[in-house]
Amino acid sequence: MEQRRWLLLALALLLAIPFSGSVFPGASEWVSASWIQLSLFLLTLAAGSVLVFQGRRVDSLETVWLKNHQHLYQKIQTLQEAFQNEQESTQRDIQLLRTDLENELGRTVEANTRTMESMWKEDLLQLSQQMQTLQEAFQNMEGSTQCDLQMIRADMKNELGRRVKENTSRVLESMWLMDIQQLSQEIQTLEKTLQTTLGSTKYDLDLPVLRSYKGDVILDADTAHPRLEISADGKRVKDTGVIRFLLRNEKRFDSHLFVLAKEGYTSGKHYWEVNVGTRRNWALGIACESVTRKGTLTLCPENGFWVIACVDGQDYLACMNPWTCLTVTGYLSKIGIFLDIPAKQVSFYDVFKAVALYTLSIADGSSQEGKFLPFFSTGLAAAEPDTEPLAILQFSDDDE
């Protein structure tokens, strides 16, 4: 602002010089020259001031810019140096870290190697010990096995010798028994054939004689299986197929369709006839009074039964041990039973044809105690029920 004032004053003096001669005529030249010089001086001074000021200003701006630039340069240089220092420090840290890692890795690998080597040595030692133990055990087992094999071989030889000897004896004995049994059966067959022949010869024409020994046979309902129904007169028995509820009775058969007569015999001769009709299953004969009444049993003389039977209307059997097939021509409808206690035998006849069927010796099973009772059965309990009754025939005077 001060420089501007000096410039305005110099300009005013220069403008006032033309007017100074009219006002002061005598002094116009001096004034004019002085004023011009003064004005020039002032102008020069003002211009110099201005230039100086402008120069100073320029110098000041340049100085400020230089200072700022220098300051920035110094900061940049400082930052660059700090960065370089940091980079160098980082490089050193990385190098140190790499060195530490390599050392640590080396130590770890070495330690692991030593550990693995130690473990491997221990495993190898254990495996070696186990192999040695197994080898020793195998050797011991081999030796023991050899001993056992020798013992087994010796035992087998001894056992084989015993077996051969025993089997030889058993085979010979079995063959001998088979021969004896076969011979015995042949003898029995011959005896039965002879008895049948004799019986047939003796009684074919003497049926009236047999009937002269007739007895009044009446069935004992207390002995009948709960499926059997006894007629009021005690002369007929029928399989109802239904098991009735009856009071427990020690005399009653509980497992088989059997029934006995009320009266038994200990001596003498006795004859009765039974009508089997068209029944396909039945069994007739005599039984000891002492036979078992409870549970399952087998019809045979050893158990106190002397019986013949019909099975499925086809097979006629003598209930012996084993059961023997009977040779029957045609169909049996009436069976005669003759008990001859003095002769110790019971004989069976086909009444219709007046021929003998079979004779059983009651000497077999003679250890049975008590009376001989007439025996009746409607067949197997498992068979289909047949409602046709077994009927005891009554004789008239004409029959005799």
# chains A, B, ... in the order shown; residues from 1 in each chain; ligands from 1
call {"tool": "residues_around", "arguments": {"residues": "A:Asp340", "least_positions_apart": "5", "cutoff": "10 Å", "atoms": "only C-alpha atoms", "output": "list in words"}}
result
Tyr213, Ser267, Gly268, Lys269, His270, Tyr271, Gln345, Val346, Ser347, Ser361 and Ile362 of chain A
call {"tool": "write_last_selection", "arguments": {"atoms": "N, CA and C atoms", "output": "mmCIF file, in the first residue's frame"}}
result
data_model
loop_
_atom_site.group_PDB
_atom_site.id
_atom_site.type_symbol
_atom_site.label_atom_id
_atom_site.label_comp_id
_atom_site.auth_asym_id
_atom_site.auth_seq_id
_atom_site.Cartn_x
_atom_site.Cartn_y
_atom_site.Cartn_z
ATOM 1 N N TYR A 213 -67.858 -175.679 25.339
ATOM 2 C CA TYR A 213 -67.148 -174.989 26.421
ATOM 3 C C TYR A 213 -67.542 -173.507 26.489
ATOM 4 N N SER A 267 -58.573 -171.605 35.420
ATOM 5 C CA SER A 267 -58.455 -173.026 35.076
ATOM 6 C C SER A 267 -59.551 -173.396 34.083
ATOM 7 N N GLY A 268 -59.409 -174.599 33.504
ATOM 8 C CA GLY A 268 -60.441 -175.109 32.623
ATOM 9 C C GLY A 268 -60.300 -174.641 31.188
ATOM 10 N N LYS A 269 -61.359 -174.971 30.404
ATOM 11 C CA LYS A 269 -61.409 -174.600 29.004
ATOM 12 C C LYS A 269 -62.628 -173.697 28.780
ATOM 13 N N HIS A 270 -62.429 -172.691 27.927
ATOM 14 C CA HIS A 270 -63.485 -171.696 27.746
ATOM 15 C C HIS A 270 -63.484 -171.235 26.291
ATOM 16 N N TYR A 271 -64.728 -171.060 25.772
ATOM 17 C CA TYR A 271 -64.865 -170.694 24.364
ATOM 18 C C TYR A 271 -65.926 -169.603 24.219
ATOM 19 N N GLN A 345 -52.609 -172.675 26.192
ATOM 20 C CA GLN A 345 -52.655 -172.076 24.876
ATOM 21 C C GLN A 345 -54.030 -171.474 24.619
ATOM 22 N N VAL A 346 -54.043 -170.536 23.683
ATOM 23 C CA VAL A 346 -55.287 -169.922 23.237
ATOM 24 C C VAL A 346 -55.284 -169.981 21.717
ATOM 25 N N SER A 347 -56.413 -170.449 21.149
ATOM 26 C CA SER A 347 -56.519 -170.652 19.711
ATOM 27 C C SER A 347 -57.619 -169.769 19.137
ATOM 28 N N SER A 361 -49.140 -169.683 22.642
ATOM 29 C CA SER A 361 -48.840 -170.356 23.900
ATOM 30 C C SER A 361 -48.923 -169.355 25.037
ATOM 31 N N ILE A 362 -49.756 -169.650 26.021
ATOM 32 C CA ILE A 362 -49.858 -168.748 27.173
ATOM 33 C C ILE A 362 -48.765 -169.019 28.182
#
call {"tool": "residues_around", "arguments": {"residues": "stretch 272-280 of chain A", "least_positions_apart": "2", "cutoff": "7 Å", "atoms": "only C-alpha atoms", "output": "ChimeraX atom specification"}}
result
/A:214-215,282,310-313,333-338,386,388,390-393
call {"tool": "write_last_selection", "arguments": {"atoms": "N, CA, C and O atoms", "output": "PDB file, in the first residue's frame"}}
result
ATOM      1  N   LYS A 214     -68.733-173.217  25.953  1.00  0.00           N
ATOM      2  CA  LYS A 214     -69.155-171.813  25.881  1.00  0.00           C
ATOM      3  C   LYS A 214     -69.227-171.203  27.278  1.00  0.00           C
ATOM      4  O   LYS A 214     -69.529-171.888  28.266  1.00  0.00           O
ATOM      5  N   GLY A 215     -68.928-169.918  27.319  1.00  0.00           N
ATOM      6  CA  GLY A 215     -69.009-169.188  28.572  1.00  0.00           C
ATOM      7  C   GLY A 215     -69.820-167.916  28.357  1.00  0.00           C
ATOM      8  O   GLY A 215     -69.938-167.420  27.232  1.00  0.00           O
ATOM      9  N   TRP A 282     -59.725-154.135  14.519  1.00  0.00           N
ATOM     10  CA  TRP A 282     -60.148-154.782  15.748  1.00  0.00           C
ATOM     11  C   TRP A 282     -59.006-155.613  16.298  1.00  0.00           C
ATOM     12  O   TRP A 282     -58.033-155.912  15.604  1.00  0.00           O
ATOM     13  N   CYS A 310     -56.795-157.180  13.268  1.00  0.00           N
ATOM     14  CA  CYS A 310     -56.994-156.800  11.872  1.00  0.00           C
ATOM     15  C   CYS A 310     -56.693-155.309  11.749  1.00  0.00           C
ATOM     16  O   CYS A 310     -57.191-154.499  12.556  1.00  0.00           O
ATOM     17  N   VAL A 311     -55.883-154.939  10.732  1.00  0.00           N
ATOM     18  CA  VAL A 311     -55.481-153.536  10.528  1.00  0.00           C
ATOM     19  C   VAL A 311     -55.903-153.101   9.124  1.00  0.00           C
ATOM     20  O   VAL A 311     -55.492-153.721   8.127  1.00  0.00           O
ATOM     21  N   ASP A 312     -56.727-152.059   9.057  1.00  0.00           N
ATOM     22  CA  ASP A 312     -57.176-151.472   7.783  1.00  0.00           C
ATOM     23  C   ASP A 312     -57.893-152.482   6.891  1.00  0.00           C
ATOM     24  O   ASP A 312     -57.932-152.328   5.664  1.00  0.00           O
ATOM     25  N   GLY A 313     -58.452-153.521   7.489  1.00  0.00           N
ATOM     26  CA  GLY A 313     -59.219-154.493   6.716  1.00  0.00           C
ATOM     27  C   GLY A 313     -58.388-155.318   5.767  1.00  0.00           C
ATOM     28  O   GLY A 313     -58.944-156.042   4.931  1.00  0.00           O
ATOM     29  N   SER A 333     -65.363-162.495   9.463  1.00  0.00           N
ATOM     30  CA  SER A 333     -66.504-161.770  10.038  1.00  0.00           C
ATOM     31  C   SER A 333     -66.855-162.269  11.442  1.00  0.00           C
ATOM     32  O   SER A 333     -67.390-161.522  12.258  1.00  0.00           O
ATOM     33  N   LYS A 334     -66.569-163.551  11.709  1.00  0.00           N
ATOM     34  CA  LYS A 334     -66.821-164.119  13.035  1.00  0.00           C
ATOM     35  C   LYS A 334     -65.567-164.834  13.508  1.00  0.00           C
ATOM     36  O   LYS A 334     -65.009-165.661  12.783  1.00  0.00           O
ATOM     37  N   ILE A 335     -65.139-164.498  14.736  1.00  0.00           N
ATOM     38  CA  ILE A 335     -63.912-165.062  15.298  1.00  0.00           C
ATOM     39  C   ILE A 335     -64.282-165.888  16.525  1.00  0.00           C
ATOM     40  O   ILE A 335     -65.001-165.423  17.426  1.00  0.00           O
ATOM     41  N   GLY A 336     -63.751-167.116  16.561  1.00  0.00           N
ATOM     42  CA  GLY A 336     -63.912-167.959  17.739  1.00  0.00           C
ATOM     43  C   GLY A 336     -62.625-167.981  18.543  1.00  0.00           C
ATOM     44  O   GLY A 336     -61.537-168.096  17.973  1.00  0.00           O
ATOM     45  N   ILE A 337     -62.738-167.858  19.876  1.00  0.00           N
ATOM     46  CA  ILE A 337     -61.561-167.864  20.766  1.00  0.00           C
ATOM     47  C   ILE A 337     -61.743-169.015  21.750  1.00  0.00           C
ATOM     48  O   ILE A 337     -62.763-169.105  22.460  1.00  0.00           O
ATOM     49  N   PHE A 338     -60.712-169.876  21.799  1.00  0.00           N
ATOM     50  CA  PHE A 338     -60.743-171.033  22.685  1.00  0.00           C
ATOM     51  C   PHE A 338     -59.545-170.962  23.627  1.00  0.00           C
ATOM     52  O   PHE A 338     -58.400-171.053  23.205  1.00  0.00           O
ATOM     53  N   ASP A 386     -65.028-146.131  13.725  1.00  0.00           N
ATOM     54  CA  ASP A 386     -65.982-147.017  13.051  1.00  0.00           C
ATOM     55  C   ASP A 386     -67.073-147.337  14.067  1.00  0.00           C
ATOM     56  O   ASP A 386     -66.814-147.934  15.109  1.00  0.00           O
ATOM     57  N   GLU A 388     -69.559-149.347  13.864  1.00  0.00           N
ATOM     58  CA  GLU A 388     -70.079-150.720  13.932  1.00  0.00           C
ATOM     59  C   GLU A 388     -69.519-151.406  15.169  1.00  0.00           C
ATOM     60  O   GLU A 388     -68.298-151.413  15.378  1.00  0.00           O
ATOM     61  N   LEU A 390     -68.413-154.251  18.081  1.00  0.00           N
ATOM     62  CA  LEU A 390     -67.991-155.639  18.243  1.00  0.00           C
ATOM     63  C   LEU A 390     -69.025-156.306  19.144  1.00  0.00           C
ATOM     64  O   LEU A 390     -69.323-155.799  20.245  1.00  0.00           O
ATOM     65  N   ALA A 391     -69.558-157.441  18.690  1.00  0.00           N
ATOM     66  CA  ALA A 391     -70.662-158.077  19.429  1.00  0.00           C
ATOM     67  C   ALA A 391     -70.280-159.499  19.847  1.00  0.00           C
ATOM     68  O   ALA A 391     -69.809-160.305  19.032  1.00  0.00           O
ATOM     69  N   ILE A 392     -70.516-159.796  21.120  1.00  0.00           N
ATOM     70  CA  ILE A 392     -70.287-161.147  21.636  1.00  0.00           C
ATOM     71  C   ILE A 392     -71.519-161.983  21.291  1.00  0.00           C
ATOM     72  O   ILE A 392     -72.650-161.626  21.648  1.00  0.00           O
ATOM     73  N   LEU A 393     -71.293-163.090  20.572  1.00  0.00           N
ATOM     74  CA  LEU A 393     -72.404-163.928  20.126  1.00  0.00           C
ATOM     75  C   LEU A 393     -72.899-164.836  21.260  1.00  0.00           C
ATOM     76  O   LEU A 393     -72.111-165.318  22.084  1.00  0.00           O
TER      77      LEU A 393
END
call {"tool": "residues_around", "arguments": {"residues": "A:Lys353", "least_positions_apart": "6", "cutoff": "10 Å", "atoms": "only C-alpha atoms", "output": "compact mmCIF listing (two decimals) with N, CA, C and O atoms, in the first residue's frame"}}
result
# COMPACT_ATOMS: atom_id res chain seq x y z
N ASP A 204 -61.59 -178.76 12.77
CA ASP A 204 -62.41 -178.43 11.61
C ASP A 204 -63.81 -179.06 11.71
O ASP A 204 -64.80 -178.44 11.35
N THR A 329 -57.72 -166.58 4.06
CA THR A 329 -58.40 -166.61 2.76
C THR A 329 -59.76 -165.94 2.91
O THR A 329 -60.59 -166.34 3.75
N GLY A 330 -59.92 -164.87 2.11
CA GLY A 330 -61.19 -164.16 2.19
C GLY A 330 -61.23 -163.16 3.33
O GLY A 330 -60.20 -162.64 3.77
N LEU A 332 -62.69 -162.15 7.24
CA LEU A 332 -63.15 -162.68 8.52
C LEU A 332 -64.30 -161.83 9.04
O LEU A 332 -64.19 -160.60 9.13
N LYS A 334 -66.57 -163.55 11.71
CA LYS A 334 -66.82 -164.12 13.04
C LYS A 334 -65.57 -164.83 13.51
O LYS A 334 -65.01 -165.66 12.78
call {"tool": "closest_residue", "arguments": {"among": "A:Glu102, A:Thr387, A:Thr298, A:Asp315", "to": "A:Glu229", "atoms": "only C-alpha atoms"}}
result
A:Thr387
call {"tool": "atom_distance", "arguments": {"atom1": "atom CA of A:Pro374", "atom2": "atom CA of A:Phe258"}}
result
10.9 Å
